[in-house]
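This report refers to the structure that appears directly beneath it.
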Amino acid sequence: MRNGPYFIVVEGLDGSGKTTQIKHLRDYFQARGEACHLTAEPTDLPTGTFIRRVLRGQERVDPRTLAALFAADRVEHLFHATEGMLAKLAAGYHVISSRYYFSSLAYQSEYVDPAWVASLNRLAKATLPADLTLFLDLDPEVSMQRIAGRGEGSELFETLEKLRQVREDFHQAFAVYGEGERIVVIDAGDTKGVVAEQIMKEVQKL
Ligand code: TYD
């Protein structure tokens, strides 16, 4: 492992175990005495808060607007003076984000011209591509069961048919836009421990 700090992105369908695995990664770095900043998109910044309202159906916007909002939230996520990922990396933290531009390429491309979504995200890719993107790949039916088990109200993208499409769109996005990036597909259907082990192996290659 070089010294870093690293920027690691965890992508996956809703219910694929991103949160659990991200916490495990933080514990791993902390055990090595290395500071780690956990973050997510949509963010907790005003841009992300507005997106959550849209996802819960409390605001309605055109799908193209939503794509632009995700891209704008990502710009905030990168450049915010204190909470931004660039600031955290400059301060020496490893940064681990739940979701980044591949989520937009997968989820928004279903409704919006994929080339336009890609162009909205070009700045993020040029500014800060991840050192490692882990895709927690899960059978959409299992994903649905896990989401149902959480007992939360379902958000915009959480129907079986949509999850199937999004999973395909993720694979497509990695193939088309992932050039030059280190992207690893992890089978998230395994137990948490096995998934964590696979992730550790990839992180140690950095
Ligand atoms: P998230 O909070 O990660 O949901 P979960 O924890 O259930 O995986 O993301 C909320 C939703 O936002 C999720 O359905 C994916 C969607 N999303 C997009 O459509 N485009 C994006 O660019 C991002 C970051 C998320």
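Going through the structure tokens in order, the chains are called A, B, and so on, while each chain numbers its residues from 1 and the ligands are numbered from 1 in the order shown.
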| field | Spatial neighbours of Val54 of chain A, max dist 9 Å, only C-alpha atoms, sep filter under 5 positions, as number ranges by chain | value | A: 49, 59-61, 66, 156
| field | Surrounding residues as a PyMOL selection string, ligand 1, max 8 Å, only C-alpha atoms and all ligand atoms | value | chain A and resi 12-16+18-19+40-42+52+55+67+70-71+74+98-108+147+155-158
Limited to N, CA and C atoms, could you put the picked residues into a file as an mmCIF file, in the first residue's frame?
```
data_model
loop_
_atom_site.group_PDB
_atom_site.id
_atom_site.type_symbol
_atom_site.label_atom_id
_atom_site.label_comp_id
_atom_site.auth_asym_id
_atom_site.auth_seq_id
_atom_site.Cartn_x
_atom_site.Cartn_y
_atom_site.Cartn_z
ATOM 1 N N GLY A 12 -23.375 0.639 -5.338
ATOM 2 C CA GLY A 12 -24.179 -0.579 -5.279
ATOM 3 C C GLY A 12 -25.643 -0.251 -5.272
ATOM 4 N N LEU A 13 -26.444 -1.258 -5.538
ATOM 5 C CA LEU A 13 -27.882 -1.069 -5.481
ATOM 6 C C LEU A 13 -28.269 -0.749 -4.046
ATOM 7 N N ASP A 14 -29.436 -0.152 -3.916
ATOM 8 C CA ASP A 14 -30.017 0.075 -2.602
ATOM 9 C C ASP A 14 -30.074 -1.282 -1.890
ATOM 10 N N GLY A 15 -29.636 -1.322 -0.634
ATOM 11 C CA GLY A 15 -29.709 -2.580 0.123
ATOM 12 C C GLY A 15 -28.528 -3.513 -0.099
ATOM 13 N N SER A 16 -27.475 -3.039 -0.786
ATOM 14 C CA SER A 16 -26.352 -3.936 -1.092
ATOM 15 C C SER A 16 -25.321 -4.011 0.035
ATOM 16 N N LYS A 18 -23.744 -1.229 1.549
ATOM 17 C CA LYS A 18 -22.707 -0.200 1.459
ATOM 18 C C LYS A 18 -22.351 0.355 2.843
ATOM 19 N N THR A 19 -23.383 0.675 3.612
ATOM 20 C CA THR A 19 -23.143 1.336 4.903
ATOM 21 C C THR A 19 -22.304 0.456 5.830
ATOM 22 N N ALA A 40 -21.134 10.672 1.820
ATOM 23 C CA ALA A 40 -22.120 10.017 0.958
ATOM 24 C C ALA A 40 -22.765 11.020 0.010
ATOM 25 N N GLU A 41 -23.275 10.492 -1.074
ATOM 26 C CA GLU A 41 -24.130 11.277 -1.978
ATOM 27 C C GLU A 41 -25.478 10.569 -2.081
ATOM 28 N N PRO A 42 -26.604 11.312 -2.104
ATOM 29 C CA PRO A 42 -26.683 12.750 -1.919
ATOM 30 C C PRO A 42 -26.105 13.165 -0.558
ATOM 31 N N ARG A 52 -33.055 14.767 -1.456
ATOM 32 C CA ARG A 52 -33.788 13.806 -0.602
ATOM 33 C C ARG A 52 -35.285 14.097 -0.617
ATOM 34 N N LEU A 55 -36.576 12.685 -3.768
ATOM 35 C CA LEU A 55 -36.627 11.217 -3.736
ATOM 36 C C LEU A 55 -37.794 10.722 -2.879
ATOM 37 N N ALA A 67 -31.106 15.071 -12.588
ATOM 38 C CA ALA A 67 -29.740 14.718 -13.015
ATOM 39 C C ALA A 67 -28.793 15.894 -12.766
ATOM 40 N N PHE A 70 -28.124 16.254 -8.972
ATOM 41 C CA PHE A 70 -27.117 15.306 -8.480
ATOM 42 C C PHE A 70 -25.714 15.796 -8.863
ATOM 43 N N ALA A 71 -25.582 16.314 -10.089
ATOM 44 C CA ALA A 71 -24.261 16.797 -10.527
ATOM 45 C C ALA A 71 -23.849 18.020 -9.695
ATOM 46 N N ARG A 74 -22.743 17.025 -6.344
ATOM 47 C CA ARG A 74 -21.398 16.424 -6.441
ATOM 48 C C ARG A 74 -20.329 17.514 -6.478
ATOM 49 N N SER A 98 -20.022 6.833 -0.031
ATOM 50 C CA SER A 98 -21.102 5.976 -0.495
ATOM 51 C C SER A 98 -21.703 6.678 -1.704
ATOM 52 N N ARG A 99 -21.430 6.141 -2.868
ATOM 53 C CA ARG A 99 -21.886 6.654 -4.167
ATOM 54 C C ARG A 99 -21.054 7.840 -4.651
ATOM 55 N N TYR A 100 -20.976 7.918 -5.996
ATOM 56 C CA TYR A 100 -20.289 9.023 -6.690
ATOM 57 C C TYR A 100 -20.840 9.030 -8.103
ATOM 58 N N TYR A 101 -20.062 9.494 -9.098
ATOM 59 C CA TYR A 101 -20.711 9.741 -10.394
ATOM 60 C C TYR A 101 -21.238 8.505 -11.100
ATOM 61 N N PHE A 102 -20.722 7.315 -10.778
ATOM 62 C CA PHE A 102 -21.291 6.138 -11.455
ATOM 63 C C PHE A 102 -22.757 5.928 -11.054
ATOM 64 N N SER A 103 -23.138 6.395 -9.871
ATOM 65 C CA SER A 103 -24.561 6.314 -9.499
ATOM 66 C C SER A 103 -25.410 7.162 -10.445
ATOM 67 N N SER A 104 -24.909 8.347 -10.779
ATOM 68 C CA SER A 104 -25.667 9.191 -11.720
ATOM 69 C C SER A 104 -25.723 8.539 -13.095
ATOM 70 N N LEU A 105 -24.586 7.988 -13.520
ATOM 71 C CA LEU A 105 -24.552 7.362 -14.848
ATOM 72 C C LEU A 105 -25.517 6.174 -14.897
ATOM 73 N N ALA A 106 -25.669 5.473 -13.781
ATOM 74 C CA ALA A 106 -26.565 4.311 -13.767
ATOM 75 C C ALA A 106 -28.027 4.723 -13.564
ATOM 76 N N TYR A 107 -28.296 5.516 -12.538
ATOM 77 C CA TYR A 107 -29.698 5.805 -12.194
ATOM 78 C C TYR A 107 -30.326 6.830 -13.139
ATOM 79 N N GLN A 108 -29.596 7.895 -13.476
ATOM 80 C CA GLN A 108 -30.215 8.954 -14.282
ATOM 81 C C GLN A 108 -30.306 8.577 -15.754
ATOM 82 N N ILE A 147 -34.328 -4.236 1.372
ATOM 83 C CA ILE A 147 -34.950 -2.912 1.543
ATOM 84 C C ILE A 147 -36.258 -3.058 2.313
ATOM 85 N N GLU A 155 -38.117 4.710 -1.516
ATOM 86 C CA GLU A 155 -37.769 5.900 -2.276
ATOM 87 C C GLU A 155 -38.025 5.651 -3.760
ATOM 88 N N LEU A 156 -37.736 6.652 -4.537
ATOM 89 C CA LEU A 156 -38.085 6.663 -5.959
ATOM 90 C C LEU A 156 -37.612 5.445 -6.748
ATOM 91 N N PHE A 157 -36.418 4.921 -6.477
ATOM 92 C CA PHE A 157 -35.822 3.923 -7.362
ATOM 93 C C PHE A 157 -36.021 2.486 -6.885
ATOM 94 N N GLU A 158 -36.835 2.324 -5.827
ATOM 95 C CA GLU A 158 -36.861 1.016 -5.194
ATOM 96 C C GLU A 158 -38.010 0.119 -5.643
#
```
| task | Give me the residues within 10 Å of Tyr6 of chain A as a list in words, counting only C-alpha atoms and dropping any in the same chain fewer than 4 places off. | result |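 These residues fall inside the cut-off: Arg2, Cys36, Leu89, Gly92, Tyr93, His94, Val95, Ile96, Ala130, Asp131, Leu132, Val203 and Leu206 of chain A.
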File of the preceding selection, N, CA and C atoms, as a compact mmCIF listing (two decimals), in the first residue's frame:
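In the end it all went to again-v4.txt:
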```txt
# COMPACT_ATOMS: atom_id res chain seq x y z
N ARG A 2 0.62 2.20 -0.91
CA ARG A 2 1.31 3.48 -0.78
C ARG A 2 0.62 4.24 0.34
N CYS A 36 -9.92 8.83 8.79
CA CYS A 36 -10.79 8.46 7.70
C CYS A 36 -12.04 9.33 7.74
N LEU A 89 -9.17 15.41 1.86
CA LEU A 89 -7.97 14.72 1.37
C LEU A 89 -6.73 15.58 1.64
N GLY A 92 -5.38 15.26 4.91
CA GLY A 92 -4.73 13.99 5.21
C GLY A 92 -5.66 12.83 5.52
N TYR A 93 -6.97 13.07 5.39
CA TYR A 93 -7.93 11.98 5.65
C TYR A 93 -8.07 11.07 4.42
N HIS A 94 -8.21 9.78 4.66
CA HIS A 94 -8.76 8.93 3.62
C HIS A 94 -10.23 9.31 3.49
N VAL A 95 -10.72 9.34 2.28
CA VAL A 95 -12.14 9.67 2.08
C VAL A 95 -12.85 8.47 1.49
N ILE A 96 -13.94 8.06 2.13
CA ILE A 96 -14.73 6.94 1.62
C ILE A 96 -16.15 7.44 1.38
N ALA A 130 -11.88 8.18 -8.42
CA ALA A 130 -11.55 7.42 -7.20
C ALA A 130 -10.28 6.60 -7.42
N ASP A 131 -9.52 6.39 -6.34
CA ASP A 131 -8.39 5.45 -6.40
C ASP A 131 -8.92 4.03 -6.56
N LEU A 132 -10.10 3.81 -5.99
CA LEU A 132 -10.72 2.48 -6.06
C LEU A 132 -12.23 2.65 -5.97
N VAL A 203 -8.26 -3.25 -1.11
CA VAL A 203 -7.68 -2.04 -0.52
C VAL A 203 -6.17 -2.23 -0.31
N LEU A 206 -3.73 -1.24 -3.04
CA LEU A 206 -3.54 0.16 -3.43
C LEU A 206 -2.10 0.60 -3.23
```
| said: DSSP on the backbone, strand (DSSP E or B) only: what residues of chain A does that give? Format it as a PyMOL selection string. | reply: chain A and resi 7-12+36-40+94-98+132-137+183-187
| query | Which residues come within 8 Å of Tyr111 of chain A, counting only C-alpha atoms, excluding same-chain residues fewer than 2 positions away, as a PyMOL selection string? | reply | chain A and resi 63-64+108-109+113
Please, could you write that set of residues out with N, CA, C and O atoms as a short mmCIF file (atom, residue, chain, number, x, y, z; two decimals), in the first residue's frame?
```cif
data_model
loop_
_atom_site.label_atom_id
_atom_site.label_comp_id
_atom_site.auth_asym_id
_atom_site.auth_seq_id
_atom_site.Cartn_x
_atom_site.Cartn_y
_atom_site.Cartn_z
N PRO A 63 -36.96 14.85 -14.56
CA PRO A 63 -35.79 13.96 -14.40
C PRO A 63 -34.47 14.61 -14.85
O PRO A 63 -33.42 14.33 -14.28
N ARG A 64 -34.54 15.50 -15.84
CA ARG A 64 -33.32 16.18 -16.28
C ARG A 64 -32.82 17.13 -15.19
O ARG A 64 -31.62 17.28 -14.96
N GLN A 108 -29.60 7.89 -13.48
CA GLN A 108 -30.22 8.95 -14.28
C GLN A 108 -30.31 8.58 -15.75
O GLN A 108 -31.18 9.06 -16.47
N SER A 109 -29.41 7.68 -16.21
CA SER A 109 -29.39 7.36 -17.64
C SER A 109 -30.64 6.62 -18.09
O SER A 109 -30.91 6.51 -19.27
N ASP A 113 -30.71 11.37 -21.39
CA ASP A 113 -29.65 11.03 -22.35
C ASP A 113 -28.32 10.76 -21.60
O ASP A 113 -27.77 11.66 -20.97
#
```
| Could you pull the residues within 10 Å of Glu141 of chain A, counting only C-alpha atoms, minus those fewer than 6 positions along the same chain, as a list in words? |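 That gives Ile147, Thr159, Leu160, Glu161, Leu163 and Arg164 of chain A.
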Take the selection from the previous step and output its residues with C-alpha atoms, as a short mmCIF file (atom, residue, chain, number, x, y, z; two decimals), in the first residue's frame.
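Output below, filename part14.cif:
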```
data_model
loop_
_atom_site.label_atom_id
_atom_site.label_comp_id
_atom_site.auth_asym_id
_atom_site.auth_seq_id
_atom_site.Cartn_x
_atom_site.Cartn_y
_atom_site.Cartn_z
CA ILE A 147 -34.95 -2.91 1.54
CA THR A 159 -38.94 -1.30 -7.36
CA LEU A 160 -37.69 -4.64 -8.63
CA GLU A 161 -37.89 -3.78 -12.31
CA LEU A 163 -33.31 -2.17 -9.68
CA ARG A 164 -32.72 -4.73 -12.45
#
```
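In this model, the gap between atom CA of Met85 of chain A and atom CA of Leu120 of chain A comes to 18.5 Å.
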| message | Report, in Å with one decimal, the straight-line distance from atom CA of Asp187 of chain A to atom CA of Phe174 of chain A. | response |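 One can read the atom CA of Asp187 of chain A to atom CA of Phe174 of chain A distance as 15.8 Å.
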| request: Write out as a PyMOL selection string all residues of chain A that backbone DSSP assigns to alpha helix (DSSP H). | output: chain A and resi 18-31+46-55+63-79+85-90+101-107+114-120+122-127+140-150+160-177+192-204
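Shell of Leu123 of chain A at 12 Å, with only C-alpha atoms counted and residues fewer than 4 places along the chain excluded, is Ala71, Ala72, Arg74, Val75, Glu76, Leu78, Phe79, Tyr101, Val117, Ala118, Ser119, Thr127, Leu128 and Pro129 of chain A.
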Deliver the residues from the most recent selection as a file, using all heavy atoms, as a JSON list (two decimals), in the first residue's frame.
```json
[["chain", "number", "residue", "atom", "x", "y", "z"],
["A", 71, "ALA", "N", -25.58, 16.31, -10.09],
["A", 71, "ALA", "CA", -24.26, 16.80, -10.53],
["A", 71, "ALA", "C", -23.85, 18.02, -9.70],
["A", 71, "ALA", "O", -22.68, 18.15, -9.30],
["A", 71, "ALA", "CB", -24.29, 17.12, -12.02],
["A", 72, "ALA", "N", -24.81, 18.89, -9.41],
["A", 72, "ALA", "CA", -24.51, 20.09, -8.61],
["A", 72, "ALA", "C", -24.11, 19.69, -7.19],
["A", 72, "ALA", "O", -23.16, 20.23, -6.61],
["A", 72, "ALA", "CB", -25.72, 21.02, -8.58],
["A", 74, "ARG", "N", -22.74, 17.02, -6.34],
["A", 74, "ARG", "CA", -21.40, 16.42, -6.44],
["A", 74, "ARG", "C", -20.33, 17.51, -6.48],
["A", 74, "ARG", "O", -19.24, 17.36, -5.90],
["A", 74, "ARG", "CB", -21.37, 15.56, -7.71],
["A", 74, "ARG", "CG", -20.19, 14.65, -7.84],
["A", 74, "ARG", "CD", -20.53, 13.49, -8.76],
["A", 74, "ARG", "NE", -21.55, 12.65, -8.16],
["A", 74, "ARG", "CZ", -22.69, 12.27, -8.76],
["A", 74, "ARG", "NH1", -22.97, 12.67, -10.00],
["A", 74, "ARG", "NH2", -23.56, 11.52, -8.13],
["A", 75, "VAL", "N", -20.62, 18.62, -7.15],
["A", 75, "VAL", "CA", -19.66, 19.74, -7.19],
["A", 75, "VAL", "C", -19.47, 20.29, -5.77],
["A", 75, "VAL", "O", -18.34, 20.53, -5.33],
["A", 75, "VAL", "CB", -20.15, 20.84, -8.17],
["A", 75, "VAL", "CG1", -19.26, 22.08, -8.07],
["A", 75, "VAL", "CG2", -20.15, 20.32, -9.60],
["A", 76, "GLU", "N", -20.59, 20.44, -5.05],
["A", 76, "GLU", "CA", -20.49, 20.86, -3.64],
["A", 76, "GLU", "C", -19.66, 19.87, -2.83],
["A", 76, "GLU", "O", -18.84, 20.24, -2.01],
["A", 76, "GLU", "CB", -21.89, 20.95, -3.02],
["A", 76, "GLU", "CG", -22.65, 22.20, -3.39],
["A", 76, "GLU", "CD", -21.97, 23.43, -2.84],
["A", 76, "GLU", "OE1", -21.98, 23.65, -1.61],
["A", 76, "GLU", "OE2", -21.40, 24.18, -3.66],
["A", 78, "LEU", "N", -17.36, 17.96, -3.76],
["A", 78, "LEU", "CA", -15.93, 18.07, -4.08],
["A", 78, "LEU", "C", -15.32, 19.32, -3.48],
["A", 78, "LEU", "O", -14.28, 19.27, -2.83],
["A", 78, "LEU", "CB", -15.74, 18.11, -5.60],
["A", 78, "LEU", "CG", -15.72, 16.79, -6.33],
["A", 78, "LEU", "CD1", -15.84, 17.01, -7.84],
["A", 78, "LEU", "CD2", -14.42, 16.03, -6.01],
["A", 79, "PHE", "N", -15.98, 20.47, -3.72],
["A", 79, "PHE", "CA", -15.31, 21.76, -3.53],
["A", 79, "PHE", "C", -15.71, 22.51, -2.27],
["A", 79, "PHE", "O", -15.15, 23.57, -2.01],
["A", 79, "PHE", "CB", -15.54, 22.65, -4.75],
["A", 79, "PHE", "CG", -14.94, 22.09, -6.02],
["A", 79, "PHE", "CD1", -15.74, 21.52, -6.99],
["A", 79, "PHE", "CD2", -13.57, 22.14, -6.22],
["A", 79, "PHE", "CE1", -15.18, 20.99, -8.16],
["A", 79, "PHE", "CE2", -13.01, 21.62, -7.38],
["A", 79, "PHE", "CZ", -13.81, 21.04, -8.35],
["A", 101, "TYR", "N", -20.06, 9.49, -9.10],
["A", 101, "TYR", "CA", -20.71, 9.74, -10.39],
["A", 101, "TYR", "C", -21.24, 8.50, -11.10],
["A", 101, "TYR", "O", -22.16, 8.62, -11.91],
["A", 101, "TYR", "CB", -19.84, 10.57, -11.33],
["A", 101, "TYR", "CG", -18.40, 10.17, -11.51],
["A", 101, "TYR", "CD1", -18.03, 9.08, -12.28],
["A", 101, "TYR", "CD2", -17.40, 10.96, -10.92],
["A", 101, "TYR", "CE1", -16.69, 8.76, -12.46],
["A", 101, "TYR", "CE2", -16.06, 10.65, -11.09],
["A", 101, "TYR", "CZ", -15.71, 9.55, -11.86],
["A", 101, "TYR", "OH", -14.39, 9.23, -12.04],
["A", 117, "VAL", "N", -25.74, 13.14, -19.21],
["A", 117, "VAL", "CA", -25.40, 12.84, -17.80],
["A", 117, "VAL", "C", -23.88, 12.77, -17.66],
["A", 117, "VAL", "O", -23.30, 13.33, -16.73],
["A", 117, "VAL", "CB", -26.05, 11.51, -17.33],
["A", 117, "VAL", "CG1", -25.63, 11.20, -15.89],
["A", 117, "VAL", "CG2", -27.57, 11.58, -17.43],
["A", 118, "ALA", "N", -23.23, 12.12, -18.63],
["A", 118, "ALA", "CA", -21.77, 12.01, -18.58],
["A", 118, "ALA", "C", -21.13, 13.39, -18.66],
["A", 118, "ALA", "O", -20.17, 13.69, -17.93],
["A", 118, "ALA", "CB", -21.27, 11.11, -19.71],
["A", 119, "SER", "N", -21.68, 14.25, -19.51],
["A", 119, "SER", "CA", -21.05, 15.57, -19.65],
["A", 119, "SER", "C", -21.24, 16.39, -18.37],
["A", 119, "SER", "O", -20.34, 17.13, -17.96],
["A", 119, "SER", "CB", -21.57, 16.32, -20.89],
["A", 119, "SER", "OG", -22.85, 16.82, -20.65],
["A", 127, "THR", "N", -11.56, 15.96, -12.06],
["A", 127, "THR", "CA", -10.99, 16.53, -10.83],
["A", 127, "THR", "C", -10.55, 15.44, -9.86],
["A", 127, "THR", "O", -9.46, 15.50, -9.29],
["A", 127, "THR", "CB", -12.02, 17.44, -10.13],
["A", 127, "THR", "OG1", -12.46, 18.43, -11.06],
["A", 127, "THR", "CG2", -11.42, 18.12, -8.91],
["A", 128, "LEU", "N", -11.43, 14.47, -9.64],
["A", 128, "LEU", "CA", -11.12, 13.48, -8.60],
["A", 128, "LEU", "C", -11.74, 12.12, -8.94],
["A", 128, "LEU", "O", -12.79, 11.76, -8.40],
["A", 128, "LEU", "CB", -11.64, 13.98, -7.23],
["A", 128, "LEU", "CG", -11.24, 13.14, -6.02],
["A", 128, "LEU", "CD1", -9.74, 13.19, -5.77],
["A", 128, "LEU", "CD2", -12.00, 13.59, -4.77],
["A", 129, "PRO", "N", -11.10, 11.38, -9.83],
["A", 129, "PRO", "CA", -11.55, 9.99, -10.01],
["A", 129, "PRO", "C", -11.12, 9.21, -8.77],
["A", 129, "PRO", "O", -10.13, 9.56, -8.13],
["A", 129, "PRO", "CB", -10.79, 9.53, -11.26],
["A", 129, "PRO", "CG", -9.58, 10.40, -11.33],
["A", 129, "PRO", "CD", -9.92, 11.71, -10.64]]
```
| Selected residue of minimal separation from Phe135 of chain A among A:Ala90, A:Val184, A:Val195, A:Ala81, counting only C-alpha atoms | A:Val184
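The space between atom CA of Leu134 of chain A and atom CA of Gly178 of chain A spans 12.1 Å.
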